[in-house]
$ cat run_38.pdb   # PDB, C-alpha atoms, pLDDT in the B column
ATOM      1  CA  MET A   1     226.703 160.741 130.071  1.00 49.00           C
ATOM      2  CA  SER A   2     226.135 164.172 131.592  1.00 54.00           C
ATOM      3  CA  SER A   3     224.786 164.526 135.115  1.00 52.00           C
ATOM      4  CA  LEU A   4     221.727 166.373 133.759  1.00 47.00           C
ATOM      5  CA  VAL A   5     220.822 163.401 131.542  1.00 46.00           C
ATOM      6  CA  GLU A   6     221.424 160.985 134.409  1.00 46.00           C
ATOM      7  CA  GLU A   7     219.199 163.025 136.729  1.00 47.00           C
ATOM      8  CA  TYR A   8     216.462 163.170 134.091  1.00 49.00           C
ATOM      9  CA  GLU A   9     216.580 159.405 133.581  1.00 48.00           C
ATOM     10  CA  GLU A  10     216.598 158.778 137.341  1.00 50.00           C
ATOM     11  CA  TRP A  11     213.471 160.835 137.947  1.00 57.00           C
ATOM     12  CA  ASN A  12     211.561 159.969 134.793  1.00 64.00           C
ATOM     13  CA  THR A  13     211.085 156.301 135.489  1.00 80.00           C
ATOM     14  CA  PRO A  14     207.819 154.403 135.619  1.00 88.00           C
ATOM     15  CA  LEU A  15     208.485 153.443 139.234  1.00 87.00           C
ATOM     16  CA  ILE A  16     208.679 157.070 140.403  1.00 89.00           C
ATOM     17  CA  GLY A  17     205.660 157.879 138.245  1.00 93.00           C
ATOM     18  CA  ALA A  18     203.715 154.944 139.708  1.00 92.00           C
ATOM     19  CA  PHE A  19     204.238 156.223 143.247  1.00 91.00           C
ATOM     20  CA  LEU A  20     203.304 159.808 142.335  1.00 95.00           C
ATOM     21  CA  LEU A  21     200.179 158.696 140.491  1.00 97.00           C
ATOM     22  CA  TRP A  22     199.200 156.596 143.503  1.00 95.00           C
ATOM     23  CA  ALA A  23     199.595 159.693 145.719  1.00 95.00           C
ATOM     24  CA  PHE A  24     197.492 161.764 143.300  1.00 98.00           C
ATOM     25  CA  ASN A  25     194.708 159.172 143.085  1.00 98.00           C
ATOM     26  CA  LYS A  26     194.680 158.634 146.864  1.00 97.00           C
ATOM     27  CA  SER A  27     194.301 162.362 147.478  1.00 98.00           C
ATOM     28  CA  TYR A  28     191.676 162.640 144.734  1.00 98.00           C
ATOM     29  CA  VAL A  29     189.445 159.999 146.347  1.00 98.00           C
ATOM     30  CA  GLU A  30     189.974 161.454 149.843  1.00 97.00           C
ATOM     31  CA  HIS A  31     188.900 164.936 148.736  1.00 98.00           C
ATOM     32  CA  HIS A  32     186.126 164.047 146.281  1.00 97.00           C
ATOM     33  CA  SER A  33     182.654 164.809 147.654  1.00 96.00           C
ATOM     34  CA  THR A  34     181.488 161.225 146.980  1.00 97.00           C
ATOM     35  CA  ASN A  35     184.912 159.532 147.248  1.00 96.00           C
ATOM     36  CA  ASP A  36     184.860 158.828 143.528  1.00 97.00           C
ATOM     37  CA  ALA A  37     188.077 158.046 141.666  1.00 98.00           C
ATOM     38  CA  ALA A  38     189.833 159.939 138.884  1.00 97.00           C
ATOM     39  CA  VAL A  39     189.528 158.956 135.248  1.00 97.00           C
ATOM     40  CA  VAL A  40     192.852 157.680 133.887  1.00 97.00           C
ATOM     41  CA  ILE A  41     193.055 160.649 131.468  1.00 96.00           C
ATOM     42  CA  GLU A  42     193.667 162.865 134.483  1.00 98.00           C
ATOM     43  CA  ASP A  43     196.732 160.807 135.390  1.00 98.00           C
ATOM     44  CA  PHE A  44     198.358 161.663 132.053  1.00 97.00           C
ATOM     45  CA  LEU A  45     197.840 165.352 132.753  1.00 97.00           C
ATOM     46  CA  VAL A  46     199.103 164.986 136.324  1.00 97.00           C
ATOM     47  CA  TYR A  47     202.207 163.080 135.235  1.00 97.00           C
ATOM     48  CA  SER A  48     203.252 165.911 132.909  1.00 96.00           C
ATOM     49  CA  LEU A  49     202.515 168.581 135.504  1.00 97.00           C
ATOM     50  CA  LEU A  50     204.586 166.810 138.145  1.00 96.00           C
ATOM     51  CA  MET A  51     207.562 165.868 135.991  1.00 94.00           C
ATOM     52  CA  SER A  52     208.355 169.337 134.689  1.00 93.00           C
ATOM     53  CA  LYS A  53     209.668 172.145 136.863  1.00 92.00           C
ATOM     54  CA  ASN A  54     207.893 174.635 134.579  1.00 93.00           C
ATOM     55  CA  TYR A  55     204.612 173.238 135.858  1.00 96.00           C
ATOM     56  CA  ASN A  56     205.313 171.748 139.271  1.00 94.00           C
ATOM     57  CA  GLU A  57     206.954 174.777 140.880  1.00 93.00           C
ATOM     58  CA  ARG A  58     203.549 176.511 141.024  1.00 94.00           C
ATOM     59  CA  ILE A  59     201.786 173.605 142.714  1.00 97.00           C
ATOM     60  CA  THR A  60     201.582 174.791 146.306  1.00 95.00           C
ATOM     61  CA  ASN A  61     199.037 175.008 149.086  1.00 94.00           C
ATOM     62  CA  ARG A  62     199.020 178.781 148.608  1.00 94.00           C
ATOM     63  CA  THR A  63     197.056 178.203 145.410  1.00 94.00           C
ATOM     64  CA  THR A  64     193.543 177.025 146.170  1.00 94.00           C
ATOM     65  CA  SER A  65     192.231 175.528 142.936  1.00 96.00           C
ATOM     66  CA  VAL A  66     192.978 174.371 139.415  1.00 96.00           C
ATOM     67  CA  ALA A  67     191.523 177.609 138.054  1.00 96.00           C
ATOM     68  CA  ALA A  68     193.846 179.699 140.254  1.00 96.00           C
ATOM     69  CA  TYR A  69     196.804 177.540 139.198  1.00 96.00           C
ATOM     70  CA  VAL A  70     196.012 178.063 135.504  1.00 95.00           C
ATOM     71  CA  GLN A  71     195.457 181.790 136.116  1.00 95.00           C
ATOM     72  CA  SER A  72     198.951 182.052 137.661  1.00 94.00           C
ATOM     73  CA  PHE A  73     200.480 181.467 134.231  1.00 93.00           C
ATOM     74  CA  THR A  74     198.509 184.377 132.779  1.00 90.00           C
ATOM     75  CA  ASP A  75     199.274 186.624 135.746  1.00 90.00           C
ATOM     76  CA  LYS A  76     203.000 186.085 135.265  1.00 87.00           C
ATOM     77  CA  LYS A  77     202.743 186.489 131.481  1.00 90.00           C
ATOM     78  CA  GLN A  78     203.773 182.876 130.905  1.00 90.00           C
ATOM     79  CA  SER A  79     200.754 181.624 128.989  1.00 89.00           C
ATOM     80  CA  ASP A  80     203.138 180.095 126.445  1.00 92.00           C
ATOM     81  CA  ILE A  81     204.283 177.568 129.060  1.00 93.00           C
ATOM     82  CA  LEU A  82     200.715 176.520 129.704  1.00 89.00           C
ATOM     83  CA  ALA A  83     200.011 176.423 125.959  1.00 90.00           C
ATOM     84  CA  SER A  84     202.825 173.894 125.521  1.00 94.00           C
ATOM     85  CA  LEU A  85     201.236 171.482 128.013  1.00 94.00           C
ATOM     86  CA  VAL A  86     199.493 169.434 125.318  1.00 92.00           C
ATOM     87  CA  SER A  87     202.855 168.831 123.622  1.00 94.00           C
ATOM     88  CA  LYS A  88     204.338 167.833 126.982  1.00 95.00           C
ATOM     89  CA  ILE A  89     201.500 165.365 127.593  1.00 95.00           C
ATOM     90  CA  ASN A  90     202.102 163.823 124.159  1.00 94.00           C
ATOM     91  CA  GLU A  91     205.828 163.523 124.883  1.00 95.00           C
ATOM     92  CA  ASP A  92     205.157 161.909 128.258  1.00 95.00           C
ATOM     93  CA  LYS A  93     202.259 159.625 127.360  1.00 95.00           C
ATOM     94  CA  GLU A  94     204.333 156.465 126.912  1.00 96.00           C
ATOM     95  CA  ILE A  95     206.121 156.735 130.260  1.00 96.00           C
ATOM     96  CA  ALA A  96     202.909 157.898 131.955  1.00 97.00           C
ATOM     97  CA  LEU A  97     201.157 154.759 130.704  1.00 97.00           C
ATOM     98  CA  LYS A  98     204.076 152.638 131.920  1.00 97.00           C
ATOM     99  CA  SER A  99     203.744 154.364 135.299  1.00 96.00           C
ATOM    100  CA  VAL A 100     200.055 153.464 135.438  1.00 97.00           C
ATOM    101  CA  ASP A 101     200.927 149.888 134.457  1.00 96.00           C
ATOM    102  CA  PHE A 102     203.577 149.697 137.207  1.00 93.00           C
ATOM    103  CA  ALA A 103     201.146 151.105 139.772  1.00 93.00           C
ATOM    104  CA  VAL A 104     198.550 148.510 138.813  1.00 95.00           C
ATOM    105  CA  SER A 105     201.121 145.684 138.681  1.00 93.00           C
ATOM    106  CA  PHE A 106     202.535 146.568 142.111  1.00 88.00           C
ATOM    107  CA  GLY A 107     199.073 146.814 143.624  1.00 89.00           C
ATOM    108  CA  LEU A 108     199.119 150.553 144.253  1.00 91.00           C
ATOM    109  CA  LEU A 109     196.175 151.217 141.934  1.00 96.00           C
ATOM    110  CA  VAL A 110     193.229 149.198 140.681  1.00 96.00           C
ATOM    111  CA  TRP A 111     192.075 150.025 137.164  1.00 95.00           C
ATOM    112  CA  ASP A 112     188.328 149.707 136.610  1.00 96.00           C
ATOM    113  CA  CYS A 113     188.220 149.008 132.869  1.00 94.00           C
ATOM    114  CA  GLU A 114     184.495 149.750 132.575  1.00 96.00           C
ATOM    115  CA  THR A 115     184.751 153.293 133.938  1.00 96.00           C
ATOM    116  CA  ALA A 116     188.438 153.980 133.119  1.00 96.00           C
ATOM    117  CA  LYS A 117     188.937 155.036 136.741  1.00 97.00           C
ATOM    118  CA  LEU A 118     191.937 154.315 138.945  1.00 97.00           C
ATOM    119  CA  TYR A 119     191.296 153.422 142.566  1.00 97.00           C
ATOM    120  CA  PRO A 120     194.181 153.682 145.057  1.00 96.00           C
ATOM    121  CA  LYS A 121     194.965 150.855 147.435  1.00 93.00           C
ATOM    122  CA  SER A 122     196.325 151.419 150.921  1.00 87.00           C
ATOM    123  CA  MET A 123     200.061 151.463 151.487  1.00 76.00           C
ATOM    124  CA  ASP A 124     201.211 150.350 154.931  1.00 71.00           C
ATOM    125  CA  ASP A 125     203.684 152.238 157.134  1.00 65.00           C
ATOM    126  CA  ASN A 126     206.481 149.818 156.275  1.00 66.00           C
ATOM    127  CA  GLN A 127     206.074 150.513 152.558  1.00 63.00           C
ATOM    128  CA  MET A 128     205.949 154.274 153.175  1.00 63.00           C
ATOM    129  CA  SER A 129     209.025 154.239 155.437  1.00 61.00           C
ATOM    130  CA  VAL A 130     211.171 153.137 152.496  1.00 58.00           C
ATOM    131  CA  LEU A 131     210.248 156.326 150.667  1.00 60.00           C
ATOM    132  CA  LYS A 132     210.119 158.909 153.475  1.00 61.00           C
ATOM    133  CA  ASN A 133     213.679 160.246 153.121  1.00 59.00           C
ATOM    134  CA  LEU A 134     213.766 160.415 149.346  1.00 61.00           C
ATOM    135  CA  PRO A 135     213.570 163.763 147.519  1.00 63.00           C
ATOM    136  CA  ILE A 136     210.497 162.392 145.758  1.00 72.00           C
ATOM    137  CA  MET A 137     208.461 163.185 148.856  1.00 75.00           C
ATOM    138  CA  LYS A 138     208.336 166.846 147.793  1.00 82.00           C
ATOM    139  CA  LEU A 139     206.686 165.766 144.569  1.00 90.00           C
ATOM    140  CA  GLN A 140     204.366 163.490 146.543  1.00 91.00           C
ATOM    141  CA  LYS A 141     203.017 166.550 148.354  1.00 93.00           C
ATOM    142  CA  LYS A 142     202.455 168.241 144.994  1.00 96.00           C
ATOM    143  CA  ALA A 143     200.690 165.122 143.686  1.00 97.00           C
ATOM    144  CA  GLU A 144     198.411 165.247 146.727  1.00 96.00           C
ATOM    145  CA  ILE A 145     197.642 168.927 146.085  1.00 97.00           C
ATOM    146  CA  LEU A 146     196.736 168.127 142.479  1.00 98.00           C
ATOM    147  CA  GLY A 147     194.482 165.326 143.723  1.00 98.00           C
ATOM    148  CA  LYS A 148     192.663 167.786 145.957  1.00 98.00           C
ATOM    149  CA  TRP A 149     192.257 170.362 143.186  1.00 98.00           C
ATOM    150  CA  PHE A 150     191.253 167.901 140.465  1.00 98.00           C
ATOM    151  CA  SER A 151     188.635 166.262 142.697  1.00 98.00           C
ATOM    152  CA  GLN A 152     186.769 169.565 142.882  1.00 97.00           C
ATOM    153  CA  VAL A 153     186.083 169.944 139.134  1.00 97.00           C
ATOM    154  CA  ASN A 154     184.569 167.667 136.533  1.00 95.00           C
ATOM    155  CA  LEU A 155     186.675 166.234 133.736  1.00 94.00           C
ATOM    156  CA  ASN A 156     185.314 168.513 130.979  1.00 94.00           C
ATOM    157  CA  THR A 157     185.990 171.635 133.029  1.00 95.00           C
ATOM    158  CA  LEU A 158     189.451 170.393 133.928  1.00 95.00           C
ATOM    159  CA  LEU A 159     190.420 169.713 130.318  1.00 94.00           C
ATOM    160  CA  SER A 160     188.953 173.044 129.235  1.00 94.00           C
ATOM    161  CA  LEU A 161     190.956 174.955 131.863  1.00 94.00           C
ATOM    162  CA  PHE A 162     194.186 173.389 130.611  1.00 93.00           C
ATOM    163  CA  GLY A 163     193.255 173.671 126.941  1.00 90.00           C
ATOM    164  CA  VAL A 164     193.475 169.920 126.422  1.00 88.00           C
ATOM    165  CA  VAL A 165     191.353 168.499 123.621  1.00 81.00           C
ATOM    166  CA  LEU A 166     190.592 164.790 123.432  1.00 67.00           C
TER     167      LEU A 166
END
$ encode --input "run_38.pdb" --output "structure tokens"
Amino acid sequence: MSSLVEEYEEWNTPLIGAFLLWAFNKSYVEHHSTNDAAVVIEDFLVYSLLMSKNYNERITNRTTSVAAYVQSFTDKKQSDILASLVSKINEDKEIALKSVDFAVSFGLLVWDCETAKLYPKSMDDNQMSVLKNLPIMKLQKKAEILGKWFSQVNLNTLLSLFGVVL
């Protein structure tokens, strides 16, 4: 097996996804004006944005909002990358769902079935210390940025910005 395939399989696991989705949902609640939680649909979008370099390399604190992030693709004449996001979400939906399941099973997230929202649970310092030296922490920061951005727009606006149709 090639090292590229091995690296892909190492990073695209439900366990890594579970942690990143927890970080996203935690940041979302912290930054939401009423501390509301994200709808699970947003986690599918976030998973695809985080797990592809085409999308995650632009997630930085220098960009201030989802709209500015989306606009960056147009500014750099790379609208085709953004247009392929729906295909990426469809490709990733099975592993994204497994990541949500892992996060719920491990007690990182609580899924409210009535509202389809995911509420983050607290992770203690001991649990976090296991992860602090892993390369995944760079993606954790990006997940937290997405949580901040996504918490500032409603779901319909968010899906419209990304061109995602339910």
$ resolve_selection --input "run_38.pdb" --expression "the PyMOL selection byres ((chain A and resi 95) around 9)" --output "ChimeraX atom specification"
/A:12-14,17,47,91-94,96-100
$ closest_residue --input "run_38.pdb" --among "A:Leu159, A:Met123, A:Val86, A:Leu146" --to "Ala103 of chain A" --atoms "all atoms listed in the file"
A:Met123
$ atom_distance --input "run_38.pdb" --atom1 "atom CA of Leu158 of chain A" --atom2 "atom CA of Ile59 of chain A"
15.5 Å
$ atom_distance --input "run_38.pdb" --atom1 "atom CA of Arg62 of chain A" --atom2 "atom CA of Ala143 of chain A"
14.6 Å
$ residues_around --input "run_38.pdb" --residues "Val40 of chain A" --least-positions-apart "5" --cutoff "8 Å" --atoms "all atoms listed in the file" --output "PyMOL selection string"
chain A and resi 116-118
$ write_last_selection --input "run_38.pdb" --atoms "C-alpha atoms" --output "PDB file, in the frame of the given file"
ATOM      1  CA  ALA A 116     188.438 153.980 133.119  1.00 96.00           C
ATOM      2  CA  LYS A 117     188.937 155.036 136.741  1.00 97.00           C
ATOM      3  CA  LEU A 118     191.937 154.315 138.945  1.00 97.00           C
TER       4      LEU A 118
END
$ resolve_selection --input "run_38.pdb" --expression "the PyMOL selection byres ((chain A and resi 110) around 10)" --output "list in words"
Trp22, Val100, Asp101, Ala103, Val104, Ser105, Phe106, Gly107, Leu108, Leu109, Trp111, Asp112, Cys113, Lys117, Leu118, Tyr119, Pro120 and Lys121 of chain A
$ residues_around --input "run_38.pdb" --residues "Ala67 of chain A" --least-positions-apart "5" --cutoff "12 Å" --atoms "only C-alpha atoms" --output "number ranges by chain"
A: 59, 72-74, 146, 149-150, 152-153, 157-163
$ residues_around --input "run_38.pdb" --residues "segment 28-33 of chain A" --least-positions-apart "2" --cutoff "6 Å" --atoms "only C-alpha atoms" --output "PyMOL selection string"
chain A and resi 25-26+35-37+147-148+151
$ closest_atom_pairs --input "run_38.pdb" --of "segment 8-66 of chain A" --to "segment 139-142 of chain A" --cutoff "7 Å" --atoms "only C-alpha atoms" --output "tab-separated table"
residue	atom	partner	partner_atom	distance
A:Leu20	CA	A:Gln140	CA	5.7
A:Ala23	CA	A:Gln140	CA	6.2
A:Leu50	CA	A:Leu139	CA	6.8
A:Ile59	CA	A:Lys142	CA	5.9
A:Thr60	CA	A:Lys142	CA	6.7
$ closest_residue --input "run_38.pdb" --among "A:Asn90, A:Ala38, A:Asp80, A:Glu114" --to "Asn154 of chain A" --atoms "all atoms listed in the file"
A:Ala38
$ atom_distance --input "run_38.pdb" --atom1 "atom CA of Asn156 of chain A" --atom2 "atom CA of Phe24 of chain A"
18.6 Å
$ closest_residue --input "run_38.pdb" --among "A:Val164, A:Leu155, A:Leu21, A:Asp124" --to "Asp43 of chain A" --atoms "only C-alpha atoms"
A:Leu21
$ residues_near_point --input "run_38.pdb" --point "(204.9, 181.2, 134.6)" --cutoff "12 Å" --atoms "only C-alpha atoms" --output "ChimeraX atom specification"
/A:53-59,69-84
$ build_atoms --input "run_38.pdb" --residues "segment 94-128 of chain A" --atoms "N, CA and C atoms" --output "PDB file, in the frame of the given file"
ATOM      1  N   GLU A  94     203.843 157.840 126.831  1.00 96.00           N
ATOM      2  CA  GLU A  94     204.333 156.465 126.912  1.00 96.00           C
ATOM      3  C   GLU A  94     204.817 156.133 128.329  1.00 96.00           C
ATOM      4  N   ILE A  95     205.619 157.004 128.909  1.00 96.00           N
ATOM      5  CA  ILE A  95     206.121 156.735 130.260  1.00 96.00           C
ATOM      6  C   ILE A  95     205.004 156.885 131.299  1.00 96.00           C
ATOM      7  N   ALA A  96     204.055 157.772 131.041  1.00 97.00           N
ATOM      8  CA  ALA A  96     202.909 157.898 131.955  1.00 97.00           C
ATOM      9  C   ALA A  96     202.093 156.604 131.959  1.00 97.00           C
ATOM     10  N   LEU A  97     201.886 156.025 130.788  1.00 97.00           N
ATOM     11  CA  LEU A  97     201.157 154.759 130.704  1.00 97.00           C
ATOM     12  C   LEU A  97     201.937 153.640 131.394  1.00 97.00           C
ATOM     13  N   LYS A  98     203.255 153.630 131.221  1.00 97.00           N
ATOM     14  CA  LYS A  98     204.076 152.638 131.920  1.00 97.00           C
ATOM     15  C   LYS A  98     203.965 152.835 133.437  1.00 97.00           C
ATOM     16  N   SER A  99     203.891 154.077 133.868  1.00 96.00           N
ATOM     17  CA  SER A  99     203.744 154.364 135.299  1.00 96.00           C
ATOM     18  C   SER A  99     202.416 153.828 135.823  1.00 96.00           C
ATOM     19  N   VAL A 100     201.352 154.012 135.054  1.00 97.00           N
ATOM     20  CA  VAL A 100     200.055 153.464 135.438  1.00 97.00           C
ATOM     21  C   VAL A 100     200.145 151.941 135.499  1.00 97.00           C
ATOM     22  N   ASP A 101     200.769 151.348 134.482  1.00 96.00           N
ATOM     23  CA  ASP A 101     200.927 149.888 134.457  1.00 96.00           C
ATOM     24  C   ASP A 101     201.704 149.391 135.674  1.00 96.00           C
ATOM     25  N   PHE A 102     202.795 150.072 136.023  1.00 93.00           N
ATOM     26  CA  PHE A 102     203.577 149.697 137.207  1.00 93.00           C
ATOM     27  C   PHE A 102     202.712 149.799 138.460  1.00 93.00           C
ATOM     28  N   ALA A 103     201.978 150.898 138.587  1.00 93.00           N
ATOM     29  CA  ALA A 103     201.146 151.105 139.772  1.00 93.00           C
ATOM     30  C   ALA A 103     200.101 150.004 139.911  1.00 93.00           C
ATOM     31  N   VAL A 104     199.531 149.589 138.793  1.00 95.00           N
ATOM     32  CA  VAL A 104     198.550 148.510 138.813  1.00 95.00           C
ATOM     33  C   VAL A 104     199.245 147.178 139.116  1.00 95.00           C
ATOM     34  N   SER A 105     200.376 146.938 138.470  1.00 93.00           N
ATOM     35  CA  SER A 105     201.121 145.684 138.681  1.00 93.00           C
ATOM     36  C   SER A 105     201.602 145.526 140.119  1.00 93.00           C
ATOM     37  N   PHE A 106     202.037 146.617 140.741  1.00 88.00           N
ATOM     38  CA  PHE A 106     202.535 146.568 142.111  1.00 88.00           C
ATOM     39  C   PHE A 106     201.436 146.669 143.150  1.00 88.00           C
ATOM     40  N   GLY A 107     200.199 146.783 142.693  1.00 89.00           N
ATOM     41  CA  GLY A 107     199.073 146.814 143.624  1.00 89.00           C
ATOM     42  C   GLY A 107     198.832 148.157 144.279  1.00 89.00           C
ATOM     43  N   LEU A 108     199.374 149.216 143.709  1.00 91.00           N
ATOM     44  CA  LEU A 108     199.119 150.553 144.253  1.00 91.00           C
ATOM     45  C   LEU A 108     197.773 151.092 143.773  1.00 91.00           C
ATOM     46  N   LEU A 109     197.422 150.757 142.531  1.00 96.00           N
ATOM     47  CA  LEU A 109     196.175 151.217 141.934  1.00 96.00           C
ATOM     48  C   LEU A 109     195.412 150.033 141.362  1.00 96.00           C
ATOM     49  N   VAL A 110     194.097 150.174 141.347  1.00 96.00           N
ATOM     50  CA  VAL A 110     193.229 149.198 140.681  1.00 96.00           C
ATOM     51  C   VAL A 110     192.535 149.932 139.552  1.00 96.00           C
ATOM     52  N   TRP A 111     192.647 149.390 138.349  1.00 95.00           N
ATOM     53  CA  TRP A 111     192.075 150.025 137.164  1.00 95.00           C
ATOM     54  C   TRP A 111     190.729 149.385 136.882  1.00 95.00           C
ATOM     55  N   ASP A 112     189.663 150.172 136.968  1.00 96.00           N
ATOM     56  CA  ASP A 112     188.328 149.707 136.610  1.00 96.00           C
ATOM     57  C   ASP A 112     188.160 149.946 135.110  1.00 96.00           C
ATOM     58  N   CYS A 113     188.241 148.893 134.337  1.00 94.00           N
ATOM     59  CA  CYS A 113     188.220 149.008 132.869  1.00 94.00           C
ATOM     60  C   CYS A 113     186.890 149.533 132.333  1.00 94.00           C
ATOM     61  N   GLU A 114     185.807 149.293 133.042  1.00 96.00           N
ATOM     62  CA  GLU A 114     184.495 149.750 132.575  1.00 96.00           C
ATOM     63  C   GLU A 114     184.344 151.261 132.680  1.00 96.00           C
ATOM     64  N   THR A 115     184.898 151.848 133.724  1.00 96.00           N
ATOM     65  CA  THR A 115     184.751 153.293 133.938  1.00 96.00           C
ATOM     66  C   THR A 115     186.023 154.073 133.619  1.00 96.00           C
ATOM     67  N   ALA A 116     187.118 153.374 133.365  1.00 96.00           N
ATOM     68  CA  ALA A 116     188.438 153.980 133.119  1.00 96.00           C
ATOM     69  C   ALA A 116     188.911 154.792 134.319  1.00 96.00           C
ATOM     70  N   LYS A 117     188.531 154.355 135.517  1.00 97.00           N
ATOM     71  CA  LYS A 117     188.937 155.036 136.741  1.00 97.00           C
ATOM     72  C   LYS A 117     190.000 154.223 137.459  1.00 97.00           C
ATOM     73  N   LEU A 118     190.863 154.940 138.175  1.00 97.00           N
ATOM     74  CA  LEU A 118     191.937 154.315 138.945  1.00 97.00           C
ATOM     75  C   LEU A 118     191.672 154.509 140.428  1.00 97.00           C
ATOM     76  N   TYR A 119     191.557 153.402 141.127  1.00 97.00           N
ATOM     77  CA  TYR A 119     191.296 153.422 142.566  1.00 97.00           C
ATOM     78  C   TYR A 119     192.581 153.103 143.321  1.00 97.00           C
ATOM     79  N   PRO A 120     192.959 153.939 144.283  1.00 96.00           N
ATOM     80  CA  PRO A 120     194.181 153.682 145.057  1.00 96.00           C
ATOM     81  C   PRO A 120     193.958 152.601 146.108  1.00 96.00           C
ATOM     82  N   LYS A 121     194.990 151.827 146.343  1.00 93.00           N
ATOM     83  CA  LYS A 121     194.965 150.855 147.435  1.00 93.00           C
ATOM     84  C   LYS A 121     195.790 151.439 148.575  1.00 93.00           C
ATOM     85  N   SER A 122     195.593 150.926 149.750  1.00 87.00           N
ATOM     86  CA  SER A 122     196.325 151.419 150.921  1.00 87.00           C
ATOM     87  C   SER A 122     197.772 150.947 150.883  1.00 87.00           C
ATOM     88  N   MET A 123     198.653 151.814 151.343  1.00 76.00           N
ATOM     89  CA  MET A 123     200.061 151.463 151.487  1.00 76.00           C
ATOM     90  C   MET A 123     200.357 151.480 152.978  1.00 76.00           C
ATOM     91  N   ASP A 124     200.959 150.410 153.490  1.00 71.00           N
ATOM     92  CA  ASP A 124     201.211 150.350 154.931  1.00 71.00           C
ATOM     93  C   ASP A 124     202.433 151.189 155.313  1.00 71.00           C
ATOM     94  N   ASP A 125     202.595 151.394 156.609  1.00 65.00           N
ATOM     95  CA  ASP A 125     203.684 152.238 157.134  1.00 65.00           C
ATOM     96  C   ASP A 125     205.055 151.717 156.726  1.00 65.00           C
ATOM     97  N   ASN A 126     205.208 150.414 156.660  1.00 66.00           N
ATOM     98  CA  ASN A 126     206.481 149.818 156.275  1.00 66.00           C
ATOM     99  C   ASN A 126     206.832 150.196 154.830  1.00 66.00           C
ATOM    100  N   GLN A 127     205.847 150.136 153.951  1.00 63.00           N
ATOM    101  CA  GLN A 127     206.074 150.513 152.558  1.00 63.00           C
ATOM    102  C   GLN A 127     206.408 152.002 152.457  1.00 63.00           C
ATOM    103  N   MET A 128     205.712 152.834 153.204  1.00 63.00           N
ATOM    104  CA  MET A 128     205.949 154.274 153.175  1.00 63.00           C
ATOM    105  C   MET A 128     207.297 154.641 153.779  1.00 63.00           C
TER     106      MET A 128
END
